[in-house]
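The structure file target.tsv is reproduced below (TSV, C-alpha atoms).
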chain	number	residue	atom	x	y	z
I	1	MET	CA	-83.78	73.88	93.21
I	2	GLY	CA	-81.31	71.95	95.35
I	3	MET	CA	-79.75	73.88	98.21
I	4	VAL	CA	-76.10	73.40	99.04
I	5	ARG	CA	-75.93	73.20	102.81
I	6	GLU	CA	-72.92	72.67	105.05
I	7	SER	CA	-73.24	69.11	106.21
I	8	GLN	CA	-70.18	68.81	108.42
I	9	PHE	CA	-70.26	69.67	112.08
I	10	HIS	CA	-68.30	72.80	112.86
I	11	VAL	CA	-66.47	72.89	116.18
I	12	LEU	CA	-64.89	75.89	117.83
I	13	ALA	CA	-61.84	74.80	119.84
I	14	VAL	CA	-60.35	77.12	122.45
I	15	ASP	CA	-56.91	76.58	124.04
I	16	ASP	CA	-54.03	78.88	124.87
I	17	SER	CA	-51.46	76.15	124.15
I	18	HIS	CA	-50.39	75.96	120.51
I	19	LEU	CA	-49.53	72.28	120.85
I	20	ASP	CA	-52.90	71.43	122.37
I	21	ARG	CA	-54.70	73.42	119.69
I	22	LYS	CA	-52.94	71.39	117.05
I	23	MET	CA	-53.87	68.17	118.83
I	24	ILE	CA	-57.54	68.96	119.29
I	25	GLU	CA	-57.80	70.26	115.74
I	26	ARG	CA	-56.42	67.01	114.35
I	27	LEU	CA	-58.59	64.88	116.63
I	28	LEU	CA	-61.69	66.70	115.44
I	29	GLN	CA	-60.66	66.59	111.78
I	30	LYS	CA	-60.11	62.86	112.12
I	31	SER	CA	-63.70	62.70	113.34
I	32	SER	CA	-64.83	64.52	110.19
I	33	CYS	CA	-65.51	67.85	111.85
I	34	GLN	CA	-64.72	71.24	110.50
I	35	VAL	CA	-62.60	73.04	113.10
I	36	THR	CA	-61.86	76.63	114.00
I	37	THR	CA	-59.25	77.15	116.71
I	38	VAL	CA	-58.72	80.26	118.81
I	39	ASP	CA	-56.28	80.89	121.62
I	40	SER	CA	-58.54	82.65	124.13
I	41	GLY	CA	-62.05	82.88	125.49
I	42	SER	CA	-62.45	86.46	124.32
I	43	LYS	CA	-61.47	85.49	120.77
I	44	ALA	CA	-64.00	82.68	120.96
I	45	LEU	CA	-66.77	85.13	121.85
I	46	GLU	CA	-65.61	87.43	119.09
I	47	PHE	CA	-65.75	84.60	116.59
I	48	LEU	CA	-69.25	83.67	117.67
I	49	GLY	CA	-70.33	87.26	117.23
I	50	LEU	CA	-71.07	87.78	120.88
I	51	ARG	CA	-69.77	91.01	122.28
I	52	GLU	CA	-68.56	91.15	125.85
I	53	SER	CA	-70.32	94.30	126.98
I	54	ASN	CA	-72.88	94.06	129.75
I	55	ASP	CA	-75.35	96.20	127.87
I	56	GLN	CA	-78.08	93.72	126.99
I	57	ASN	CA	-79.11	95.64	123.90
I	58	ALA	CA	-75.63	95.62	122.45
I	59	LEU	CA	-74.94	92.06	123.52
I	60	GLU	CA	-76.72	89.75	121.15
I	61	THR	CA	-75.98	89.64	117.49
I	62	HIS	CA	-77.11	86.92	115.13
I	63	GLN	CA	-74.81	83.95	115.13
I	64	GLU	CA	-72.37	84.83	112.35
I	65	VAL	CA	-71.04	81.34	111.89
I	66	GLU	CA	-72.95	78.18	112.68
I	67	ILE	CA	-71.10	76.39	115.45
I	68	ASN	CA	-72.28	72.97	116.58
I	69	LEU	CA	-70.01	72.62	119.60
I	70	ILE	CA	-67.49	74.57	121.64
I	71	ILE	CA	-64.63	72.67	123.22
I	72	THR	CA	-62.45	74.67	125.54
I	73	ASP	CA	-59.49	74.28	127.88
I	74	TYR	CA	-60.26	75.11	131.48
I	75	CYS	CA	-56.99	76.80	132.54
I	76	MET	CA	-56.41	79.82	130.38
I	77	PRO	CA	-55.09	83.27	131.27
I	78	GLY	CA	-57.73	85.98	131.36
I	79	MET	CA	-61.03	84.25	130.67
I	80	THR	CA	-61.01	80.66	131.88
I	81	GLY	CA	-62.95	77.92	130.14
I	82	TYR	CA	-65.46	78.11	132.96
I	83	ASP	CA	-65.94	81.87	132.38
I	84	LEU	CA	-66.47	81.19	128.69
I	85	LEU	CA	-68.98	78.46	129.49
I	86	LYS	CA	-70.94	80.86	131.69
I	87	LYS	CA	-70.97	83.59	129.06
I	88	VAL	CA	-72.24	81.19	126.41
I	89	LYS	CA	-74.96	79.77	128.66
I	90	GLU	CA	-76.07	83.25	129.72
I	91	SER	CA	-76.50	84.28	126.09
I	92	VAL	CA	-79.91	83.79	124.52
I	93	ALA	CA	-78.43	83.41	121.06
I	94	PHE	CA	-75.75	80.88	121.96
I	95	ARG	CA	-76.88	78.94	125.00
I	96	SER	CA	-78.04	76.04	122.86
I	97	ILE	CA	-74.50	75.38	121.65
I	98	PRO	CA	-73.09	72.42	123.59
I	99	VAL	CA	-69.89	73.21	125.49
I	100	VAL	CA	-67.23	70.70	126.50
I	101	ILE	CA	-64.45	71.47	128.96
I	102	MET	CA	-60.93	69.97	128.84
I	103	SER	CA	-58.45	69.99	131.68
I	104	SER	CA	-55.13	68.37	132.49
I	105	GLU	CA	-56.12	68.33	136.17
I	106	ASN	CA	-58.56	65.92	137.73
I	107	VAL	CA	-60.28	68.14	140.29
I	108	PRO	CA	-63.74	66.77	141.19
I	109	ALA	CA	-65.01	70.14	142.44
I	110	ARG	CA	-63.97	71.74	139.16
I	111	ILE	CA	-65.66	69.02	137.14
I	112	SER	CA	-68.98	69.24	138.98
I	113	ARG	CA	-68.94	73.04	138.83
I	114	CYS	CA	-68.59	72.89	135.06
I	115	LEU	CA	-71.26	70.26	134.62
I	116	GLU	CA	-73.61	72.23	136.87
I	117	GLU	CA	-73.05	75.31	134.75
I	118	GLY	CA	-74.19	73.35	131.70
I	119	ALA	CA	-71.09	71.73	130.20
I	120	GLU	CA	-72.01	68.55	128.34
I	121	GLU	CA	-68.78	66.72	129.03
I	122	PHE	CA	-65.54	67.19	130.89
I	123	PHE	CA	-62.51	65.61	129.24
I	124	LEU	CA	-59.24	64.97	131.01
I	125	LYS	CA	-56.22	65.78	128.90
I	126	PRO	CA	-54.65	64.37	126.89
I	127	VAL	CA	-57.89	64.08	124.94
I	128	LYS	CA	-58.20	60.90	122.89
I	129	LEU	CA	-60.05	59.90	119.74
I	130	ALA	CA	-62.42	57.85	121.88
I	131	ASP	CA	-63.38	61.04	123.78
I	132	VAL	CA	-64.05	62.95	120.59
I	133	THR	CA	-66.46	60.33	119.29
I	134	LYS	CA	-68.65	61.10	122.33
I	135	LEU	CA	-69.28	64.54	120.90
I	136	LYS	CA	-71.39	63.49	117.94
I	137	PRO	CA	-74.68	63.01	119.83
I	138	HIS	CA	-74.39	66.48	121.38
I	139	MET	CA	-73.77	68.06	118.00
I	140	MET	CA	-76.61	66.11	116.40
I	141	LYS	CA	-79.06	67.70	118.84
I	142	THR	CA	-78.26	71.19	117.62
I	143	LYS	CA	-78.58	70.19	113.98
I	144	LEU	CA	-81.98	68.67	114.65
I	145	LYS	CA	-83.16	71.74	116.48
I	146	LYS	CA	-82.02	74.03	113.69
I	147	GLU	CA	-83.47	71.89	110.95
I	148	GLY	CA	-86.78	71.66	112.79
I	149	GLU	CA	-87.06	75.44	112.60
I	150	LYS	CA	-86.58	75.65	108.83
I	151	PRO	CA	-89.22	75.08	106.14
I	152	SER	CA	-88.63	71.95	104.11
I	153	GLU	CA	-89.82	69.58	101.44
I	154	GLU	CA	-91.96	66.61	102.38
I	155	GLU	CA	-90.22	63.31	102.93
I	156	ASN	CA	-91.00	60.02	104.59
I	157	ALA	CA	-88.62	58.74	107.19
I	158	THR	CA	-88.06	58.02	110.83
I	159	LEU	CA	-84.73	58.83	112.38
I	160	LYS	CA	-83.12	58.77	115.80
I	161	PRO	CA	-80.85	61.70	116.60
I	162	GLU	CA	-78.02	59.40	117.68
I	163	GLU	CA	-77.67	57.83	114.27
I	164	SER	CA	-74.99	59.28	112.12
I	165	LEU	CA	-75.11	56.46	109.60
I	166	VAL	CA	-76.31	56.59	106.05
I	167	VAL	CA	-80.09	56.66	105.87
I	168	GLU	CA	-82.33	55.55	103.05
I	169	MET	CA	-84.58	58.35	101.97
I	170	ILE	CA	-87.28	58.99	99.44
I	171	LEU	CA	-87.11	62.30	97.69
I	172	PRO	CA	-89.35	63.54	94.94
I	173	LEU	CA	-87.66	62.37	91.76
I	174	ASN	CA	-86.66	65.77	90.39
I	175	GLN	CA	-84.84	66.67	93.61
I	176	GLU	CA	-83.02	63.37	93.65
I	177	LEU	CA	-81.78	63.95	90.12
I	178	GLU	CA	-80.65	67.46	91.00
I	179	LEU	CA	-78.67	66.28	94.02
I	180	GLU	CA	-76.89	63.70	91.94
I	181	GLN	CA	-76.07	66.17	89.22
I	182	LYS	CA	-74.57	68.65	91.63
I	183	GLU	CA	-72.21	66.31	93.44
I	184	PRO	CA	-71.09	62.72	93.42
I	185	MET	CA	-72.64	60.71	96.23
I	186	LEU	CA	-70.04	61.15	98.94
I	187	SER	CA	-70.58	60.41	102.60
I	188	SER	CA	-71.03	64.12	103.21
I	189	ASN	CA	-73.82	64.14	100.67
I	190	LYS	CA	-75.47	61.27	102.45
I	191	ARG	CA	-75.38	63.21	105.66
I	192	LYS	CA	-76.98	66.12	103.83
I	193	ALA	CA	-79.69	63.75	102.73
I	194	MET	CA	-80.18	62.76	106.34
I	195	GLU	CA	-80.59	66.38	107.38
I	196	GLU	CA	-83.34	66.89	104.85
I	197	VAL	CA	-85.10	63.91	106.31
I	198	ILE	CA	-84.77	65.33	109.81
I	199	SER	CA	-86.15	68.67	108.77
I	200	ALA	CA	-89.45	67.11	107.76
I	201	ASP	CA	-89.89	65.49	111.10
I	202	ARG	CA	-91.56	68.33	112.91
I	203	SER	CA	-94.30	66.27	114.42
I	204	ARG	CA	-92.04	64.76	117.06
I	205	PRO	CA	-92.32	67.13	120.01
I	206	LYS	CA	-89.27	65.95	121.91
I	207	TYR	CA	-86.88	67.57	119.41
I	208	ASN	CA	-88.51	70.96	119.84
I	209	ASP	CA	-87.89	70.80	123.55
I	210	ILE	CA	-84.20	70.15	123.37
I	211	THR	CA	-82.08	72.56	125.33
I	212	THR	CA	-78.59	72.11	126.67
I	213	SER	CA	-79.72	72.46	130.22
I	214	VAL	CA	-78.29	70.89	133.31
S	1	MET	CA	-28.91	48.10	104.96
S	2	GLU	CA	-31.91	46.37	103.45
S	3	LEU	CA	-35.31	47.96	103.72
S	4	VAL	CA	-36.77	45.12	105.75
S	5	GLN	CA	-33.84	45.36	108.12
S	6	MET	CA	-34.36	49.08	108.56
S	7	GLN	CA	-38.04	48.60	109.23
S	8	LYS	CA	-37.27	45.97	111.85
S	9	SER	CA	-34.71	48.30	113.48
S	10	LEU	CA	-37.31	51.05	113.63
S	11	GLN	CA	-39.88	48.78	115.24
S	12	ASP	CA	-37.37	47.48	117.79
S	13	TYR	CA	-36.20	50.99	118.56
S	14	THR	CA	-39.73	52.28	119.02
S	15	LYS	CA	-40.60	49.30	121.18
S	16	SER	CA	-37.61	50.00	123.42
S	17	LEU	CA	-38.83	53.54	124.03
S	18	PHE	CA	-42.11	52.16	125.34
S	19	LEU	CA	-40.45	49.45	127.40
S	20	ASP	CA	-38.10	52.00	128.96
S	21	GLY	CA	-41.06	54.18	129.83
S	22	VAL	CA	-39.68	57.07	127.81
S	23	LEU	CA	-42.89	57.10	125.78
S	24	ASP	CA	-46.38	56.01	126.81
S	25	SER	CA	-49.51	55.08	124.88
S	26	GLN	CA	-50.30	58.73	124.15
S	27	PHE	CA	-47.54	58.59	121.55
S	28	LEU	CA	-49.50	55.85	119.81
S	29	GLN	CA	-52.52	58.16	119.77
S	30	LEU	CA	-50.36	60.72	117.96
S	31	GLN	CA	-49.36	58.14	115.38
S	32	GLN	CA	-53.00	57.22	114.83
S	33	LEU	CA	-53.72	60.83	113.94
S	34	GLN	CA	-51.14	60.74	111.16
S	35	ASP	CA	-52.33	59.66	107.72
S	36	GLU	CA	-51.93	60.50	104.02
S	37	SER	CA	-53.70	63.82	104.50
S	38	ASN	CA	-51.41	64.70	107.43
S	39	PRO	CA	-48.22	62.70	106.82
S	40	ASP	CA	-46.01	64.83	109.07
S	41	PHE	CA	-48.35	65.26	111.98
S	42	VAL	CA	-46.22	63.47	114.56
S	43	SER	CA	-43.03	65.33	113.71
S	44	GLN	CA	-44.92	68.64	113.63
S	45	VAL	CA	-46.34	68.12	117.09
S	46	VAL	CA	-43.03	66.86	118.46
S	47	THR	CA	-41.29	69.91	116.99
S	48	LEU	CA	-43.78	72.13	118.81
S	49	PHE	CA	-43.01	70.20	121.97
S	50	PHE	CA	-39.27	70.78	121.52
S	51	GLN	CA	-39.80	74.50	120.91
S	52	ASP	CA	-42.11	74.90	123.91
S	53	SER	CA	-39.82	72.90	126.17
S	54	ASP	CA	-36.63	74.74	125.21
S	55	ARG	CA	-38.33	78.02	126.01
S	56	ILE	CA	-39.87	76.82	129.28
S	57	LEU	CA	-36.66	75.23	130.55
S	58	ASN	CA	-34.84	78.46	129.84
S	59	ASP	CA	-37.47	80.50	131.71
S	60	LEU	CA	-37.35	78.06	134.61
S	61	SER	CA	-33.57	78.33	134.90
S	62	LEU	CA	-33.85	82.11	135.01
S	63	SER	CA	-36.69	82.08	137.56
S	64	LEU	CA	-34.91	79.67	139.88
S	65	ASP	CA	-31.69	81.67	139.72
S	66	GLN	CA	-33.35	84.75	141.16
S	67	GLN	CA	-32.37	85.89	144.67
S	68	VAL	CA	-35.97	85.48	145.72
S	69	VAL	CA	-37.72	82.75	143.79
S	70	ASP	CA	-41.22	83.67	142.68
S	71	PHE	CA	-43.07	80.34	142.81
S	72	LYS	CA	-46.12	81.99	141.28
S	73	LYS	CA	-44.04	82.25	138.12
S	74	VAL	CA	-42.33	78.88	138.39
S	75	ASP	CA	-45.40	76.72	138.87
S	76	PRO	CA	-47.31	77.76	135.70
S	77	HIS	CA	-44.22	76.97	133.62
S	78	VAL	CA	-43.96	73.50	135.11
S	79	HIS	CA	-47.70	73.03	134.66
S	80	GLN	CA	-47.37	73.92	130.99
S	81	LEU	CA	-44.43	71.56	130.49
S	82	LYS	CA	-46.31	68.80	132.25
S	83	GLY	CA	-49.23	69.38	129.88
S	84	SER	CA	-47.26	69.36	126.68
S	85	SER	CA	-45.13	66.36	127.64
S	86	SER	CA	-48.31	64.52	128.56
S	87	SER	CA	-49.87	65.44	125.20
S	88	ILE	CA	-47.11	63.77	123.24
S	89	GLY	CA	-46.59	60.82	125.56
S	90	ALA	CA	-43.22	61.86	126.99
S	91	GLN	CA	-43.96	59.95	130.18
S	92	ARG	CA	-40.74	60.44	132.11
S	93	VAL	CA	-40.70	64.18	131.49
S	94	LYS	CA	-44.31	64.38	132.65
S	95	ASN	CA	-43.56	62.40	135.82
S	96	ALA	CA	-40.57	64.59	136.60
S	97	CYS	CA	-42.84	67.63	136.26
S	98	VAL	CA	-45.32	66.15	138.74
S	99	VAL	CA	-42.54	65.86	141.33
S	100	PHE	CA	-41.36	69.35	140.44
S	101	ARG	CA	-44.80	70.81	141.11
S	102	SER	CA	-44.98	69.30	144.57
S	103	PHE	CA	-41.67	70.99	145.47
S	104	CYS	CA	-43.08	74.25	144.10
S	105	GLU	CA	-46.08	73.84	146.35
S	106	GLN	CA	-43.75	73.42	149.32
S	107	GLN	CA	-41.78	76.43	148.11
S	108	ASN	CA	-38.65	74.32	148.40
S	109	VAL	CA	-35.97	76.08	146.33
S	110	GLU	CA	-33.34	73.38	146.71
S	111	GLY	CA	-35.83	70.70	145.77
S	112	CYS	CA	-36.91	72.71	142.74
S	113	HIS	CA	-33.33	73.05	141.53
S	114	ARG	CA	-32.91	69.28	141.73
S	115	CYS	CA	-36.21	68.77	139.93
S	116	LEU	CA	-35.21	71.11	137.16
S	117	GLN	CA	-32.05	69.06	136.62
S	118	GLN	CA	-34.11	65.87	136.51
S	119	VAL	CA	-36.63	67.35	134.08
S	120	LYS	CA	-33.81	68.54	131.82
S	121	LYS	CA	-32.20	65.12	131.93
S	122	GLU	CA	-35.43	63.37	130.93
S	123	TYR	CA	-36.20	65.97	128.30
S	124	TYR	CA	-32.83	65.67	126.56
S	125	LEU	CA	-33.20	61.92	126.65
S	126	VAL	CA	-36.60	61.87	124.96
S	127	LYS	CA	-35.51	64.55	122.53
S	128	ASN	CA	-32.48	62.50	121.54
S	129	ARG	CA	-34.50	59.31	121.17
S	130	LEU	CA	-37.24	60.93	119.11
S	131	GLU	CA	-34.72	62.59	116.81
S	132	THR	CA	-33.13	59.18	116.26
S	133	LEU	CA	-36.56	57.71	115.59
S	134	PHE	CA	-37.35	60.34	112.98
S	135	LYS	CA	-33.98	59.76	111.30
S	136	LEU	CA	-34.72	56.05	111.04
S	137	GLU	CA	-38.10	56.86	109.52
S	138	GLN	CA	-36.54	59.24	107.02
S	139	GLN	CA	-34.04	56.59	105.94
S	140	ILE	CA	-36.86	54.16	105.29
S	141	VAL	CA	-38.88	56.67	103.33
S	142	ALA	CA	-35.79	57.72	101.35
S	143	SER	CA	-35.27	54.09	100.38
S	144	GLY	CA	-38.79	53.98	99.02
S	145	GLY	CA	-40.23	52.06	101.94
S	146	MET	CA	-43.26	52.49	104.20
S	147	ILE	CA	-43.15	53.12	107.91
S	148	PRO	CA	-44.49	49.98	109.56
S	149	ALA	CA	-47.46	50.45	111.86
S	150	MET	CA	-46.75	49.89	115.53
S	151	GLU	CA	-47.83	46.52	116.84
S	152	LEU	CA	-49.40	46.77	120.24
S	153	GLY	CA	-48.79	43.22	121.34
S	154	PHE	CA	-45.79	43.77	123.58
What is this structure when it is put down as structure tokens?
Amino acid sequence: MGMVRESQFHVLAVDDSHLDRKMIERLLQKSSCQVTTVDSGSKALEFLGLRESNDQNALETHQEVEINLIITDYCMPGMTGYDLLKKVKESVAFRSIPVVIMSSENVPARISRCLEEGAEEFFLKPVKLADVTKLKPHMMKTKLKKEGEKPSEEENATLKPEESLVVEMILPLNQELELEQKEPMLSSNKRKAMEEVISADRSRPKYNDITTSV
Amino acid sequence: MELVQMQKSLQDYTKSLFLDGVLDSQFLQLQQLQDESNPDFVSQVVTLFFQDSDRILNDLSLSLDQQVVDFKKVDPHVHQLKGSSSSIGAQRVKNACVVFRSFCEQQNVEGCHRCLQQVKKEYYLVKNRLETLFKLEQQIVASGGMIPAMELGF
């Protein structure tokens, strides 16, 4: 039976400015990402399903929504983007989610502090489309890691994580027919096909070792 | 006026905003984000900018009119205005905010008053120009025409 899986990347965008939230949302949509926006770090943690208490037992819940990347403003009242970054990286459940920081201010000490804490990128505002295209490789890594943990059908393929292009794949015939019956072959379906290819590729050790470490 | 004429007027008008430095390339980024699925994106974002700015300028006037000016309140407002003007490409407003912030840092009340006047002046200018731009676009659309894409060759 064919499984309908979400094939788009889902980004959580955090910014206290309504205008900037609208901008980042549109930039990400234009890059074919699904976007959820929140206006604070604490709402971001809430959305992820991570409670703020210091009690380790109460802290970790399962990830309620699959998020492939968090992009957050640095300067926010209450919890800054840096504070949010730290909380995510300290969490066992969520530390593998790549985090990107945005700031309108070019402060080298701030930038290196964020990168040292595990941020993948630091974007200067205003963020451009060209910046957003840099996010794909980071999000691909999390998809690969997740798919590598799931059981899957057997397929033949080789694939580099950086490729987000359409990939030729060989499925057992009945599965191929089922996929085609369920949906027309859209680009999102082709990405789904690519994921199924990735999931079979468990023999390549480097994917299992991926972490978003410094 | 003929459609082609209107489209040419719009292009010339838009070009003049860039040449005068009222808008910078960030505005082009905004236009790139507009498409059939989001046909009003630019005007939506600009409207947000107008709303934010009206509120901030009002707060700034109040803060600077206090007997004792609290720069800890003034600076975040200017920072926010600098951010939003930068996001839409309102270059002269952004630049005026940069100057404003340096006077805040120096805790120079007189300087801040002057900066506020300058920021207001630049803001009303870009607001006026953008409203004119949107009117020109609406006229074209109402006549059944398409908004021409901006040429970057100037």
Any idea what's packed within 12 Å of S:Asp35, counting all atoms listed in the file, ignoring anything in its chain fewer than 4 positions away? Could you give it as a compact mmCIF listing (two decimals) with C-alpha atoms, keeping the file's coordinate frame?
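out_4.txt, written as the output of this step:
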# COMPACT_ATOMS: atom_id res chain seq x y z
CA ARG I 26 -56.42 67.01 114.35
CA GLN I 29 -60.66 66.59 111.78
CA LYS I 30 -60.11 62.86 112.12
CA LEU S 30 -50.36 60.72 117.96
CA GLN S 31 -49.36 58.14 115.38
CA PRO S 39 -48.22 62.70 106.82
CA ASP S 40 -46.01 64.83 109.07
CA PHE S 41 -48.35 65.26 111.98
CA VAL S 42 -46.22 63.47 114.56
CA ILE S 147 -43.15 53.12 107.91
CA ALA S 149 -47.46 50.45 111.86
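You will find atom CA of I:Arg110 at 21.2 Å from atom CA of S:His77.
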Looking at I:Ser91, I:Thr142, I:Ser17, I:Gln8, which one is nearest to chain S, with distances taken over all atoms listed in the file?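 The closest residue to chain S is I:Ser17.
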Restricting the calculation to only C-alpha atoms: of I:Ala13, I:Ala109, I:Ile24, I:Val38, which residue gets closest to chain S?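 Answer, going by the shortest atom-to-atom distance: I:Ile24.
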Starting from chain S, keep only residues with some atom at most 12 Å from an atom of chain I, counting all atoms listed in the file, and report them as an MDAnalysis selection string. chainID S and resid 24:53 76:77 79:90 94 98
Quick one: of I:Glu25, I:Asp15, I:Val99, I:Ser31, who's nearest to I:Met76, counting all atoms listed in the file?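 Between I:Glu25, I:Asp15, I:Val99, I:Ser31, the residue approaching I:Met76 most closely is I:Asp15.
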Protein and nucleic acid residues near (-37.3, 77.2, 149.7) (cut-off 12 Å, only C-alpha atoms) as JSON, numbers by chain: {"S": [64, 67, 68, 69, 70, 71, 103, 104, 105, 106, 107, 108, 109, 110, 111, 112, 113]}
Of the listed residues S:Cys115, S:Leu23, S:Met150, S:Leu136, that which approaches S:Ser9 most closely, counting all atoms listed in the file: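 Nearest to S:Ser9: S:Leu136.
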Looking at I:Asn68, I:Val14, I:Asn106, I:Phe47, which one is nearest to I:Gln34, with distances taken over all atoms listed in the file?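 The answer is I:Asn68, which sits nearest to I:Gln34.
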Atom CA of S:Lys121 to atom CA of S:Gln139, straight-line distance in Å: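 About the pair atom CA of S:Gln139 and atom CA of S:Lys121: they are 27.4 Å apart.
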Taken to one decimal, the atom CA of S:Asp75-atom CA of I:Ile101 distance is 22.1 Å
For stretch 13-23 of chain S, take all atoms listed in the file, fit an axis-aligned box around them, add 3 Å to each of the six sides, then output centre and edge lengths in Å rounded to one decimal, as AutoDock Vina command-line options.
--center_x -39.5 --center_y 53.2 --center_z 124.2 --size_x 12.7 --size_y 13.8 --size_z 17.3
Reconstruct stretch 134-140 of chain S at the level of all heavy atoms, and format the result as a CSV table (one decimal), keeping the file's coordinate frame.
chain,number,residue,atom,x,y,z
S,134,PHE,N,-37.0,59.7,114.2
S,134,PHE,CA,-37.4,60.3,113.0
S,134,PHE,C,-36.3,60.1,111.9
S,134,PHE,O,-36.6,60.0,110.7
S,134,PHE,CB,-37.6,61.8,113.2
S,134,PHE,CG,-38.8,62.2,114.1
S,134,PHE,CD1,-38.7,63.2,115.0
S,134,PHE,CD2,-40.0,61.5,113.9
S,134,PHE,CE1,-39.8,63.5,115.8
S,134,PHE,CE2,-41.1,61.8,114.7
S,134,PHE,CZ,-41.0,62.8,115.6
S,135,LYS,N,-35.0,60.0,112.3
S,135,LYS,CA,-34.0,59.8,111.3
S,135,LYS,C,-34.2,58.4,110.7
S,135,LYS,O,-34.1,58.2,109.5
S,135,LYS,CB,-32.6,59.8,112.0
S,135,LYS,CG,-32.0,61.2,112.1
S,135,LYS,CD,-30.5,61.2,112.1
S,135,LYS,CE,-29.9,62.6,112.4
S,135,LYS,NZ,-30.0,62.8,113.9
S,136,LEU,N,-34.5,57.4,111.5
S,136,LEU,CA,-34.7,56.0,111.0
S,136,LEU,C,-35.9,56.0,110.1
S,136,LEU,O,-35.8,55.4,109.0
S,136,LEU,CB,-35.0,55.1,112.2
S,136,LEU,CG,-33.8,54.7,113.1
S,136,LEU,CD1,-34.3,53.9,114.3
S,136,LEU,CD2,-32.8,53.9,112.3
S,137,GLU,N,-36.9,56.8,110.4
S,137,GLU,CA,-38.1,56.9,109.5
S,137,GLU,C,-37.7,57.5,108.2
S,137,GLU,O,-38.1,57.0,107.1
S,137,GLU,CB,-39.2,57.7,110.2
S,137,GLU,CG,-40.0,56.9,111.3
S,137,GLU,CD,-41.2,57.7,111.8
S,137,GLU,OE1,-41.3,58.9,111.5
S,137,GLU,OE2,-42.0,57.1,112.6
S,138,GLN,N,-36.9,58.6,108.2
S,138,GLN,CA,-36.5,59.2,107.0
S,138,GLN,C,-35.7,58.3,106.1
S,138,GLN,O,-35.9,58.4,104.9
S,138,GLN,CB,-35.7,60.5,107.3
S,138,GLN,CG,-36.6,61.7,107.7
S,138,GLN,CD,-35.8,62.7,108.5
S,138,GLN,OE1,-34.6,62.7,108.5
S,138,GLN,NE2,-36.5,63.6,109.2
S,139,GLN,N,-34.9,57.5,106.7
S,139,GLN,CA,-34.0,56.6,105.9
S,139,GLN,C,-34.9,55.6,105.2
S,139,GLN,O,-34.7,55.3,104.1
S,139,GLN,CB,-33.1,55.8,106.8
S,139,GLN,CG,-31.9,56.6,107.2
S,139,GLN,CD,-31.1,56.0,108.3
S,139,GLN,OE1,-31.4,54.8,108.8
S,139,GLN,NE2,-30.0,56.6,108.8
S,140,ILE,N,-35.9,55.1,105.9
S,140,ILE,CA,-36.9,54.2,105.3
S,140,ILE,C,-37.6,54.8,104.1
S,140,ILE,O,-37.7,54.2,103.0
S,140,ILE,CB,-37.8,53.6,106.3
S,140,ILE,CG1,-37.1,52.7,107.3
S,140,ILE,CG2,-39.0,52.8,105.7
S,140,ILE,CD1,-37.9,52.3,108.5
